[in-house]
>>> print(open('query-v1.cif').read())   # mmCIF, C-alpha atoms
data_input
loop_
_atom_site.label_atom_id
_atom_site.label_comp_id
_atom_site.auth_asym_id
_atom_site.auth_seq_id
_atom_site.Cartn_x
_atom_site.Cartn_y
_atom_site.Cartn_z
CA MET A 173 112.28 45.15 -18.93
CA GLY A 174 114.63 46.81 -21.40
CA SER A 175 115.95 49.22 -18.77
CA ARG A 176 116.38 46.39 -16.26
CA SER A 177 118.42 44.35 -18.77
CA ARG A 178 120.78 47.25 -19.37
CA ASN A 179 121.26 47.76 -15.64
CA GLU A 180 121.94 44.08 -15.07
CA GLU A 181 124.47 43.99 -17.89
CA SER A 182 126.38 46.96 -16.47
CA HIS A 183 127.34 44.96 -13.36
CA ASN A 184 129.35 42.39 -15.29
CA LEU A 185 130.65 44.66 -18.06
CA GLN A 186 133.93 46.48 -17.46
CA LYS A 187 136.44 48.23 -19.68
CA TYR A 188 140.06 48.39 -18.57
CA GLY A 189 141.49 50.63 -21.27
CA VAL A 190 143.15 47.77 -23.15
CA PRO A 191 141.98 45.90 -26.28
CA LEU A 192 141.64 42.32 -25.02
CA TYR A 193 142.70 39.30 -27.09
CA GLY A 194 142.65 36.57 -24.43
CA ALA A 195 140.58 35.74 -21.36
CA GLY A 196 140.14 32.80 -19.00
CA TRP A 197 139.30 31.70 -15.48
CA VAL A 198 142.12 31.39 -12.98
CA PRO A 199 142.21 27.89 -11.38
CA TYR A 200 142.54 29.55 -7.97
CA ASP A 201 142.56 26.44 -5.79
CA GLN A 202 145.32 24.94 -7.96
CA VAL A 203 147.24 28.21 -7.91
CA ILE A 204 147.17 28.30 -4.08
CA ARG A 205 148.56 24.76 -3.97
CA SER A 206 151.31 25.58 -6.47
CA THR A 207 152.41 28.70 -4.58
CA HIS A 208 152.45 27.02 -1.16
CA LYS A 209 155.58 25.77 0.57
CA PRO A 210 157.38 22.53 -0.42
CA PRO A 211 155.75 19.38 1.01
CA LYS A 212 158.36 18.74 3.75
CA GLN A 213 158.23 22.28 5.03
CA GLN A 214 154.43 22.24 4.85
CA ASP A 215 154.34 18.98 6.84
CA ASP A 216 156.53 20.52 9.55
CA ASP A 217 154.22 23.52 9.71
CA ASP A 218 151.18 21.23 9.91
CA LYS A 219 152.69 19.41 12.90
CA GLU A 220 153.29 22.71 14.65
CA GLU A 221 149.71 23.77 13.92
CA ASP A 222 148.42 20.50 15.40
CA GLN A 223 150.28 21.25 18.60
CA HIS A 224 148.48 24.55 18.86
CA GLY A 225 145.13 23.13 17.82
CA SER A 226 144.89 25.44 14.79
CA LYS A 227 145.20 23.09 11.83
CA ASP A 228 141.46 22.69 11.29
CA GLU A 229 140.98 26.45 11.43
CA ALA A 230 143.74 26.96 8.86
CA VAL A 231 142.15 24.44 6.49
CA ALA A 232 138.75 26.08 6.92
CA ASP A 233 140.24 29.52 6.28
CA LYS A 234 141.89 28.28 3.09
CA SER A 235 138.65 26.66 1.91
CA ASP A 236 136.72 29.87 2.53
CA ASP A 237 139.42 31.84 0.74
CA ILE A 238 139.11 29.63 -2.35
CA ARG A 239 135.32 29.98 -2.43
CA ARG A 240 135.58 33.77 -2.18
CA ASN A 241 138.23 34.26 -4.84
CA TYR A 242 137.27 33.97 -8.48
CA TYR A 243 139.65 35.68 -10.84
CA VAL A 244 139.62 36.29 -14.57
CA VAL A 245 142.95 36.74 -16.35
CA LEU A 246 142.93 39.04 -19.39
CA ALA A 247 145.65 39.82 -21.92
CA GLY A 248 145.98 42.43 -24.64
CA GLY A 249 147.17 45.90 -25.55
CA GLY A 250 147.98 48.33 -28.30
CA GLY A 251 150.92 46.52 -29.88
CA ALA A 252 154.43 47.73 -30.62
CA GLY A 253 153.42 51.06 -32.19
CA ASN A 254 153.10 54.48 -30.58
CA SER A 255 149.39 54.15 -29.87
CA GLY A 256 149.78 55.10 -26.23
CA ILE A 257 147.86 51.97 -25.23
CA ARG A 258 149.75 49.74 -22.82
CA ASN A 259 150.38 46.01 -23.33
CA ALA A 260 149.56 44.00 -20.22
CA VAL A 261 148.36 40.88 -18.48
CA LEU A 262 145.51 41.80 -16.11
CA LEU A 263 143.71 40.08 -13.26
CA SER A 264 140.12 41.01 -12.48
CA HIS A 265 138.08 39.78 -9.52
CA PHE A 266 134.62 38.34 -10.22
CA ASP A 267 131.90 38.27 -7.55
CA PHE A 268 129.32 35.58 -8.31
CA ALA A 269 126.92 36.90 -5.67
CA SER A 270 126.54 40.25 -7.44
CA ASN A 271 127.49 38.95 -10.92
CA SER A 272 130.08 41.70 -11.23
CA LEU A 273 133.68 42.29 -12.24
CA SER A 274 135.93 44.55 -10.20
CA ASP A 275 135.90 48.18 -11.34
CA GLN A 276 139.67 48.08 -11.81
CA PRO A 277 142.13 45.21 -12.31
CA VAL A 278 143.31 43.77 -9.00
CA ALA A 279 146.73 43.18 -10.57
CA GLU A 280 148.48 44.29 -13.75
CA LEU A 281 151.78 43.29 -15.34
CA ARG A 282 153.00 45.51 -18.16
CA THR A 283 154.75 43.72 -21.04
CA ASP A 284 156.45 46.80 -22.53
CA SER A 285 156.31 46.69 -26.35
CA ASP A 286 155.27 43.01 -26.46
CA LEU A 287 151.60 42.45 -27.21
CA PRO A 288 150.17 39.30 -25.56
CA TYR A 289 148.00 38.28 -28.50
CA ARG A 290 146.96 34.75 -27.49
CA MET A 291 146.92 33.01 -24.12
CA ALA A 292 146.67 29.56 -22.50
CA ILE A 293 146.23 28.97 -18.75
CA HIS A 294 147.74 25.85 -17.22
CA PRO A 295 144.88 23.93 -15.54
CA HIS A 296 146.90 23.01 -12.43
CA GLY A 297 148.56 26.27 -11.52
CA ASP A 298 151.80 26.30 -13.55
CA GLY A 299 150.99 29.75 -14.96
CA ILE A 300 150.03 31.39 -18.24
CA ILE A 301 151.67 31.10 -21.64
CA CYS A 302 151.20 34.17 -23.83
CA ALA A 303 151.97 34.39 -27.53
CA LEU A 304 153.87 37.56 -28.34
CA GLN A 305 154.77 38.85 -31.81
CA ASN A 306 157.53 36.34 -32.48
CA SER A 307 157.71 34.02 -29.46
CA CYS A 308 155.89 32.71 -26.38
CA ARG A 309 156.53 33.70 -22.77
CA LEU A 310 155.58 32.04 -19.50
CA PHE A 311 154.04 34.09 -16.69
CA GLU A 312 153.67 32.69 -13.17
CA TRP A 313 151.25 33.42 -10.36
CA ASP A 314 152.52 35.66 -7.61
CA GLU A 315 150.79 35.44 -4.22
CA VAL A 316 151.09 38.65 -2.23
CA GLU A 317 150.08 38.57 1.42
CA ASN A 318 149.84 41.20 4.12
CA THR A 319 148.12 41.42 7.46
CA GLU A 320 144.73 42.23 5.97
CA ILE A 321 144.28 40.44 2.63
CA ARG A 322 145.79 37.83 0.34
CA ARG A 323 146.07 39.00 -3.26
CA LEU A 324 146.92 37.16 -6.41
CA GLY A 325 149.38 38.67 -8.87
CA VAL A 326 151.34 37.75 -12.00
CA LYS A 327 155.09 37.80 -12.63
CA ILE A 328 157.41 36.94 -15.50
CA SER A 329 158.80 33.42 -15.13
CA GLU A 330 162.51 32.75 -15.14
CA LYS A 331 161.79 29.68 -17.29
CA VAL A 332 162.57 30.41 -20.95
CA LEU A 333 160.47 28.61 -23.57
CA SER A 334 163.44 28.16 -25.90
CA GLN A 335 161.53 25.86 -28.28
CA LEU A 336 159.03 28.67 -28.85
CA GLU A 337 161.47 31.53 -29.41
CA ASN A 338 161.73 33.15 -32.87
CA VAL A 339 158.91 31.00 -34.25
CA GLY A 340 156.63 33.78 -35.53
CA GLN A 341 153.17 34.76 -34.37
CA GLN A 342 151.23 31.96 -32.67
CA LEU A 343 147.47 32.17 -33.20
CA ALA A 344 146.34 29.20 -31.09
CA LEU A 345 147.60 27.92 -27.71
CA THR A 346 146.13 25.22 -25.49
CA PHE A 347 146.87 22.70 -22.73
CA ASP A 348 145.23 19.31 -22.37
CA SER A 349 142.96 18.81 -19.34
CA GLU A 350 145.76 17.29 -17.23
CA GLY A 351 148.26 20.01 -18.09
CA THR A 352 150.81 17.47 -19.37
CA ILE A 353 150.64 18.40 -23.06
CA PHE A 354 150.82 21.82 -24.70
CA ALA A 355 150.07 22.75 -28.32
CA ALA A 356 150.78 25.89 -30.34
CA GLY A 357 149.66 26.73 -33.87
CA SER A 358 151.20 29.56 -35.86
CA GLU A 359 150.24 32.13 -38.42
CA ASN A 360 152.39 30.35 -41.03
CA GLY A 361 150.64 27.00 -40.47
CA ASN A 362 153.16 25.27 -38.21
CA LEU A 363 151.66 23.04 -35.50
CA ARG A 364 153.81 22.02 -32.52
CA VAL A 365 152.82 19.74 -29.64
CA PHE A 366 155.03 19.35 -26.55
CA LYS A 367 155.13 17.42 -23.30
CA TRP A 368 154.79 19.78 -20.34
CA PRO A 369 156.86 21.00 -18.55
CA SER A 370 159.86 19.37 -20.30
CA LEU A 371 158.84 20.78 -23.72
CA GLU A 372 159.92 17.52 -25.34
CA ILE A 373 158.49 17.60 -28.85
CA ILE A 374 155.63 15.22 -29.69
CA LEU A 375 154.52 16.65 -33.02
CA ASN A 376 156.07 19.24 -35.34
CA GLU A 377 154.12 19.70 -38.56
CA SER A 378 155.23 22.64 -40.68
CA GLU A 379 152.22 22.57 -43.02
CA ALA A 380 149.32 21.58 -40.79
CA HIS A 381 147.22 24.37 -42.35
CA ALA A 382 147.81 27.53 -44.34
CA SER A 383 147.35 29.26 -40.96
CA VAL A 384 146.28 27.62 -37.68
CA LYS A 385 143.16 29.20 -36.16
CA ASP A 386 142.13 26.99 -33.23
CA LEU A 387 143.14 23.85 -31.30
CA SER A 388 141.40 21.52 -28.85
CA PHE A 389 142.60 18.36 -27.04
CA SER A 390 140.24 15.45 -26.46
CA PRO A 391 139.46 14.85 -22.75
CA ASP A 392 141.62 11.70 -22.69
CA GLY A 393 144.56 13.50 -24.32
CA LYS A 394 144.73 11.05 -27.22
CA PHE A 395 143.62 13.41 -29.99
CA LEU A 396 144.12 17.02 -31.00
CA VAL A 397 141.80 18.83 -33.39
CA SER A 398 143.24 21.70 -35.42
CA LEU A 399 141.40 24.20 -37.59
CA GLY A 400 142.88 26.42 -40.29
CA ASN A 401 141.79 29.60 -41.98
CA ARG A 402 140.53 27.51 -44.91
CA GLY A 403 140.16 23.87 -45.88
CA PRO A 404 139.07 20.97 -43.65
CA GLY A 405 139.84 20.50 -39.99
CA ARG A 406 142.22 17.76 -38.91
CA VAL A 407 142.19 15.20 -36.10
CA TRP A 408 145.71 14.29 -34.96
CA ASP A 409 146.50 10.99 -33.24
CA LEU A 410 149.15 11.99 -30.70
CA ALA A 411 150.38 8.41 -30.19
CA SER A 412 151.43 8.18 -33.84
CA SER A 413 151.93 11.94 -34.42
CA ALA A 414 149.89 11.63 -37.60
CA VAL A 415 146.54 12.74 -38.98
CA ALA A 416 143.82 10.30 -37.92
CA THR A 417 141.15 11.81 -40.16
CA PRO A 418 140.17 15.09 -41.85
CA LEU A 419 136.97 16.87 -40.84
CA ALA A 420 135.27 17.82 -44.07
CA LYS A 421 133.36 21.05 -44.52
CA GLU A 422 130.04 21.31 -46.29
CA ASN A 423 129.24 23.88 -48.96
CA ASP A 424 130.65 27.30 -48.05
CA GLU A 425 131.45 26.60 -44.38
CA LEU A 426 134.43 28.17 -42.63
CA PHE A 427 135.44 26.41 -39.42
CA ALA A 428 136.05 29.07 -36.78
CA SER A 429 136.54 27.34 -33.41
CA CYS A 430 136.42 23.87 -31.81
CA ARG A 431 135.90 22.33 -28.36
CA PHE A 432 135.67 18.78 -27.04
CA PHE A 433 133.30 17.90 -24.24
CA PRO A 434 133.14 14.62 -22.24
CA LEU A 435 129.75 12.89 -22.10
CA ASN A 436 130.93 10.38 -19.48
CA ASN A 437 134.14 8.66 -18.41
CA GLU A 438 134.73 7.15 -21.85
CA ASP A 439 132.74 9.03 -24.50
CA TYR A 440 132.96 12.61 -25.69
CA VAL A 441 131.74 14.79 -28.53
CA LEU A 442 133.37 17.49 -30.61
CA TYR A 443 131.70 20.81 -31.29
CA ILE A 444 132.81 23.10 -34.13
CA ALA A 445 131.52 26.62 -34.71
CA ALA A 446 131.14 27.04 -38.47
CA ILE A 447 130.47 30.25 -40.38
CA THR A 448 128.58 30.61 -43.67
CA ASP A 449 127.04 33.57 -45.48
CA ARG A 450 123.84 32.79 -43.52
CA GLY A 451 125.50 33.16 -40.11
CA ALA A 452 127.07 30.73 -37.63
CA SER A 453 126.19 27.12 -36.83
CA ILE A 454 127.33 24.58 -34.24
CA VAL A 455 128.33 21.27 -35.80
CA THR A 456 128.36 18.22 -33.49
CA TRP A 457 130.68 15.31 -34.34
CA ASN A 458 130.77 11.66 -33.26
CA THR A 459 134.33 11.05 -32.04
CA THR A 460 134.32 7.32 -32.82
CA THR A 461 133.35 7.56 -36.47
CA TRP A 462 134.30 11.25 -36.85
CA LYS A 463 131.03 11.81 -38.70
CA ARG A 464 128.64 14.72 -38.26
CA ILE A 465 125.77 14.13 -35.87
CA ARG A 466 123.90 17.39 -36.42
CA THR A 467 124.26 21.00 -37.54
CA LYS A 468 122.32 23.78 -35.81
CA GLN A 469 122.34 27.42 -36.88
CA VAL A 470 122.58 29.63 -33.78
CA VAL A 471 123.07 33.22 -34.97
CA ARG A 472 122.78 35.16 -38.21
CA GLU A 473 126.15 36.86 -37.77
CA PRO A 474 129.72 35.52 -37.96
CA VAL A 475 131.36 34.50 -34.67
CA SER A 476 134.92 35.10 -33.48
CA SER A 477 135.04 32.79 -30.43
CA PHE A 478 133.30 29.76 -28.99
CA ASN A 479 133.32 27.77 -25.75
CA VAL A 480 131.46 25.12 -23.74
CA SER A 481 130.55 25.48 -20.06
CA ALA A 482 132.20 23.15 -17.56
CA ASP A 483 129.00 21.13 -17.11
CA GLY A 484 128.36 20.93 -20.86
CA LYS A 485 124.89 22.48 -20.57
CA LEU A 486 125.75 25.76 -22.29
CA LEU A 487 127.50 26.65 -25.52
CA ALA A 488 128.63 30.25 -25.95
CA VAL A 489 129.59 32.22 -29.06
#
>>> encode(input="query-v1.cif", output="structure tokens")
Amino acid sequence: MGSRSRNEESHNLQKYGVPLYGAGWVPYDQVIRSTHKPPKQQDDDDKEEDQHGSKDEAVADKSDDIRRNYYVVLAGGGGAGNSGIRNAVLLSHFDFASNSLSDQPVAELRTDSDLPYRMAIHPHGDGIICALQNSCRLFEWDEVENTEIRRLGVKISEKVLSQLENVGQQLALTFDSEGTIFAAGSENGNLRVFKWPSLEIILNESEAHASVKDLSFSPDGKFLVSLGNRGPGRVWDLASSAVATPLAKENDELFASCRFFPLNNEDYVLYIAAITDRGASIVTWNTTTWKRIRTKQVVREPVSSFNVSADGKLLAV
């Protein structure tokens, strides 16, 4: 059994020669829509396809293409020093049938001396925002087609995120589920929340924490939870741009990471991964009263990241 486990793990474990600081699933179906032609031109093409009886085939081909293509976007590198390790945004293909990552990245965009240290993927195909040493940069999807295969790539966007230039190192980036709000938390404790894509400021708090560690929007976009490197967490009411309530720690807890998850169309819970000298626990919070529901120790070691599966059945640290 031990040998079998090692063999199974080797299929989905790959090293790409770059220290990785960010990872996420590419919303491929949304990306294909965002890179397609403008609606009027697409409508004209659809009419022409109808005349040739090929529209249904084209739709089927696209559907099959989406089911086949699962990509993971990765970001990292060696920093600005002379380490010899490149800085890059990478795309890797994942095959669910064999539970395996591609041996090599299917696309790579070098970022020169800029290390992409944190990353947020827009949920509806607008691209990737990466936090560099002193600013944030937008990268867009680049669809490359030839006669044999359609490939997904990444390119630097012409859009400049002027509100996030010369703002220091950002340690937390996230979009809300609709992709209409974006939040960034910095090493010096500044928390900024913007409308997307206009980047109109919603919240700008210079002393949200000593240093912002993690951020998570509620599923309805009404609240944002922020965690710092010490002290309590905070729940921000985005309608009033003010703190709705603090999230108090118990004993020697250190809040490491947070994620909301919807229970149904109206209710949701908040999970926080908390670290103590005994290991790491998952704390579940009621999001009406903002009181703890339960605390469950999950590992005896500290954790550096945390997430919830799309169906809410699995928590990962």
>>> resolve_selection(input="query-v1.cif", expression="the PyMOL selection byres ((chain A and resi 291) around 12)", output="JSON, numbers by chain")
{"A": [192, 193, 194, 195, 196, 197, 245, 246, 247, 248, 260, 261, 262, 287, 288, 289, 290, 292, 293, 294, 299, 300, 301, 302, 303, 304, 308, 309, 310, 311, 342, 343, 344, 345, 346, 347, 354, 355, 356, 357, 386]}
>>> write_last_selection(input="query-v1.cif", atoms="C-alpha atoms", output="CSV table (one decimal), keeping the file's coordinate frame")
chain,number,residue,atom,x,y,z
A,192,LEU,CA,141.6,42.3,-25.0
A,193,TYR,CA,142.7,39.3,-27.1
A,194,GLY,CA,142.6,36.6,-24.4
A,195,ALA,CA,140.6,35.7,-21.4
A,196,GLY,CA,140.1,32.8,-19.0
A,197,TRP,CA,139.3,31.7,-15.5
A,245,VAL,CA,143.0,36.7,-16.4
A,246,LEU,CA,142.9,39.0,-19.4
A,247,ALA,CA,145.6,39.8,-21.9
A,248,GLY,CA,146.0,42.4,-24.6
A,260,ALA,CA,149.6,44.0,-20.2
A,261,VAL,CA,148.4,40.9,-18.5
A,262,LEU,CA,145.5,41.8,-16.1
A,287,LEU,CA,151.6,42.4,-27.2
A,288,PRO,CA,150.2,39.3,-25.6
A,289,TYR,CA,148.0,38.3,-28.5
A,290,ARG,CA,147.0,34.8,-27.5
A,292,ALA,CA,146.7,29.6,-22.5
A,293,ILE,CA,146.2,29.0,-18.8
A,294,HIS,CA,147.7,25.8,-17.2
A,299,GLY,CA,151.0,29.8,-15.0
A,300,ILE,CA,150.0,31.4,-18.2
A,301,ILE,CA,151.7,31.1,-21.6
A,302,CYS,CA,151.2,34.2,-23.8
A,303,ALA,CA,152.0,34.4,-27.5
A,304,LEU,CA,153.9,37.6,-28.3
A,308,CYS,CA,155.9,32.7,-26.4
A,309,ARG,CA,156.5,33.7,-22.8
A,310,LEU,CA,155.6,32.0,-19.5
A,311,PHE,CA,154.0,34.1,-16.7
A,342,GLN,CA,151.2,32.0,-32.7
A,343,LEU,CA,147.5,32.2,-33.2
A,344,ALA,CA,146.3,29.2,-31.1
A,345,LEU,CA,147.6,27.9,-27.7
A,346,THR,CA,146.1,25.2,-25.5
A,347,PHE,CA,146.9,22.7,-22.7
A,354,PHE,CA,150.8,21.8,-24.7
A,355,ALA,CA,150.1,22.8,-28.3
A,356,ALA,CA,150.8,25.9,-30.3
A,357,GLY,CA,149.7,26.7,-33.9
A,386,ASP,CA,142.1,27.0,-33.2
>>> resolve_selection(input="query-v1.cif", expression="the PyMOL selection byres ((chain A and resi 297) around 8)", output="JSON list (two decimals) with C-alpha atoms, in the frame of the given file")
[["chain", "number", "residue", "atom", "x", "y", "z"],
["A", 199, "PRO", "CA", 142.21, 27.89, -11.38],
["A", 200, "TYR", "CA", 142.54, 29.55, -7.97],
["A", 202, "GLN", "CA", 145.32, 24.94, -7.96],
["A", 203, "VAL", "CA", 147.24, 28.21, -7.91],
["A", 204, "ILE", "CA", 147.17, 28.30, -4.08],
["A", 205, "ARG", "CA", 148.56, 24.76, -3.97],
["A", 206, "SER", "CA", 151.31, 25.58, -6.47],
["A", 294, "HIS", "CA", 147.74, 25.85, -17.22],
["A", 295, "PRO", "CA", 144.88, 23.93, -15.54],
["A", 296, "HIS", "CA", 146.90, 23.01, -12.43],
["A", 298, "ASP", "CA", 151.80, 26.30, -13.55],
["A", 299, "GLY", "CA", 150.99, 29.75, -14.96],
["A", 313, "TRP", "CA", 151.25, 33.42, -10.36]]
>>> resolve_selection(input="query-v1.cif", expression="the PyMOL selection byres ((chain A and resi 479) around 9)", output="JSON, numbers by chain")
{"A": [429, 430, 431, 477, 478, 480, 481, 486, 487, 488, 489]}
>>> closest_residue(input="query-v1.cif", among="A:Val397, A:Val198, A:Leu387, A:Leu410", to="Phe366 in chain A", atoms="only C-alpha atoms")
A:Leu410
>>> closest_residue(input="query-v1.cif", among="A:Lys394, A:His265, A:Lys327, A:Arg258", to="Tyr242 in chain A", atoms="all atoms listed in the file")
A:His265
>>> atom_distance(input="query-v1.cif", atom1="CA of Ile257 in chain A", atom2="CA of Pro191 in chain A")
8.5 Å
>>> closest_residue(input="query-v1.cif", among="A:Trp462, A:Ser378, A:Leu396, A:Asp286", to="Pro418 in chain A", atoms="all atoms listed in the file")
A:Trp462
>>> atom_distance(input="query-v1.cif", atom1="CA of Glu425 in chain A", atom2="CA of Ser453 in chain A")
9.2 Å
>>> closest_residue(input="query-v1.cif", among="A:Ala414, A:Ile374, A:Val471, A:Ala380", to="Asn362 in chain A", atoms="all atoms listed in the file")
A:Ala380
>>> residues_around(input="query-v1.cif", residues="Gly405 in chain A", least_positions_apart="4", cutoff="9 Å", atoms="all atoms listed in the file", output="list in words")
His381, Val397, Ser398, Leu399, Gly400, Thr417, Pro418, Leu419, Ala420, Lys421 and Phe427 of chain A
>>> atom_distance(input="query-v1.cif", atom1="CA of Ser383 in chain A", atom2="CA of Arg402 in chain A")
8.1 Å
>>> residues_near_point(input="query-v1.cif", point="(126.0, 24.4, -39.5)", cutoff="7 Å", atoms="only C-alpha atoms", output="ChimeraX atom specification")
/A:446,452-455,467-469
>>> closest_residue(input="query-v1.cif", among="A:Ser334, A:Gly256, A:Ile465, A:Arg323", to="Asn241 in chain A", atoms="only C-alpha atoms")
A:Arg323
>>> decode(input="query-v1.cif", residues="range 443-461 of chain A", atoms="N, CA and C atoms", output="PDB file, in the first residue's frame")
ATOM      1  N   TYR A 443     -15.286  30.021   7.696  1.00  0.00           N
ATOM      2  CA  TYR A 443     -14.266  29.151   8.277  1.00  0.00           C
ATOM      3  C   TYR A 443     -12.969  29.940   8.431  1.00  0.00           C
ATOM      4  N   ILE A 444     -12.312  29.770   9.583  1.00  0.00           N
ATOM      5  CA  ILE A 444     -10.987  30.367   9.798  1.00  0.00           C
ATOM      6  C   ILE A 444     -10.032  29.278  10.265  1.00  0.00           C
ATOM      7  N   ALA A 445      -8.890  29.184   9.603  1.00  0.00           N
ATOM      8  CA  ALA A 445      -7.821  28.288  10.051  1.00  0.00           C
ATOM      9  C   ALA A 445      -7.008  29.030  11.100  1.00  0.00           C
ATOM     10  N   ALA A 446      -6.946  28.446  12.298  1.00  0.00           N
ATOM     11  CA  ALA A 446      -6.257  29.083  13.424  1.00  0.00           C
ATOM     12  C   ALA A 446      -5.105  28.202  13.892  1.00  0.00           C
ATOM     13  N   ILE A 447      -3.997  28.841  14.232  1.00  0.00           N
ATOM     14  CA  ILE A 447      -2.796  28.112  14.657  1.00  0.00           C
ATOM     15  C   ILE A 447      -2.538  28.378  16.143  1.00  0.00           C
ATOM     16  N   THR A 448      -2.214  27.314  16.872  1.00  0.00           N
ATOM     17  CA  THR A 448      -1.759  27.429  18.254  1.00  0.00           C
ATOM     18  C   THR A 448      -0.497  26.588  18.404  1.00  0.00           C
ATOM     19  N   ASP A 449       0.055  26.550  19.616  1.00  0.00           N
ATOM     20  CA  ASP A 449       1.249  25.727  19.823  1.00  0.00           C
ATOM     21  C   ASP A 449       0.920  24.236  19.778  1.00  0.00           C
ATOM     22  N   ARG A 450      -0.364  23.895  19.695  1.00  0.00           N
ATOM     23  CA  ARG A 450      -0.778  22.482  19.609  1.00  0.00           C
ATOM     24  C   ARG A 450      -1.031  22.056  18.169  1.00  0.00           C
ATOM     25  N   GLY A 451      -0.993  23.006  17.232  1.00  0.00           N
ATOM     26  CA  GLY A 451      -1.239  22.691  15.830  1.00  0.00           C
ATOM     27  C   GLY A 451      -2.248  23.651  15.229  1.00  0.00           C
ATOM     28  N   ALA A 452      -3.025  23.162  14.260  1.00  0.00           N
ATOM     29  CA  ALA A 452      -3.977  24.016  13.549  1.00  0.00           C
ATOM     30  C   ALA A 452      -5.393  23.501  13.724  1.00  0.00           C
ATOM     31  N   SER A 453      -6.332  24.446  13.876  1.00  0.00           N
ATOM     32  CA  SER A 453      -7.741  24.128  14.028  1.00  0.00           C
ATOM     33  C   SER A 453      -8.552  24.886  12.980  1.00  0.00           C
ATOM     34  N   ILE A 454      -9.752  24.367  12.682  1.00  0.00           N
ATOM     35  CA  ILE A 454     -10.713  25.071  11.843  1.00  0.00           C
ATOM     36  C   ILE A 454     -11.813  25.600  12.759  1.00  0.00           C
ATOM     37  N   VAL A 455     -11.995  26.911  12.749  1.00  0.00           N
ATOM     38  CA  VAL A 455     -13.035  27.551  13.553  1.00  0.00           C
ATOM     39  C   VAL A 455     -14.190  27.921  12.631  1.00  0.00           C
ATOM     40  N   THR A 456     -15.403  27.487  12.979  1.00  0.00           N
ATOM     41  CA  THR A 456     -16.599  27.770  12.194  1.00  0.00           C
ATOM     42  C   THR A 456     -17.405  28.867  12.876  1.00  0.00           C
ATOM     43  N   TRP A 457     -17.832  29.874  12.086  1.00  0.00           N
ATOM     44  CA  TRP A 457     -18.523  31.040  12.636  1.00  0.00           C
ATOM     45  C   TRP A 457     -19.921  31.171  12.041  1.00  0.00           C
ATOM     46  N   ASN A 458     -20.883  31.533  12.907  1.00  0.00           N
ATOM     47  CA  ASN A 458     -22.219  31.922  12.470  1.00  0.00           C
ATOM     48  C   ASN A 458     -22.133  33.339  11.910  1.00  0.00           C
ATOM     49  N   THR A 459     -22.635  33.554  10.687  1.00  0.00           N
ATOM     50  CA  THR A 459     -22.460  34.858  10.049  1.00  0.00           C
ATOM     51  C   THR A 459     -23.669  35.784  10.249  1.00  0.00           C
ATOM     52  N   THR A 460     -24.572  35.404  11.139  1.00  0.00           N
ATOM     53  CA  THR A 460     -25.629  36.313  11.582  1.00  0.00           C
ATOM     54  C   THR A 460     -25.249  36.951  12.913  1.00  0.00           C
ATOM     55  N   THR A 461     -24.808  36.108  13.835  1.00  0.00           N
ATOM     56  CA  THR A 461     -24.391  36.608  15.151  1.00  0.00           C
ATOM     57  C   THR A 461     -22.892  36.885  15.226  1.00  0.00           C
TER      58      THR A 461
END
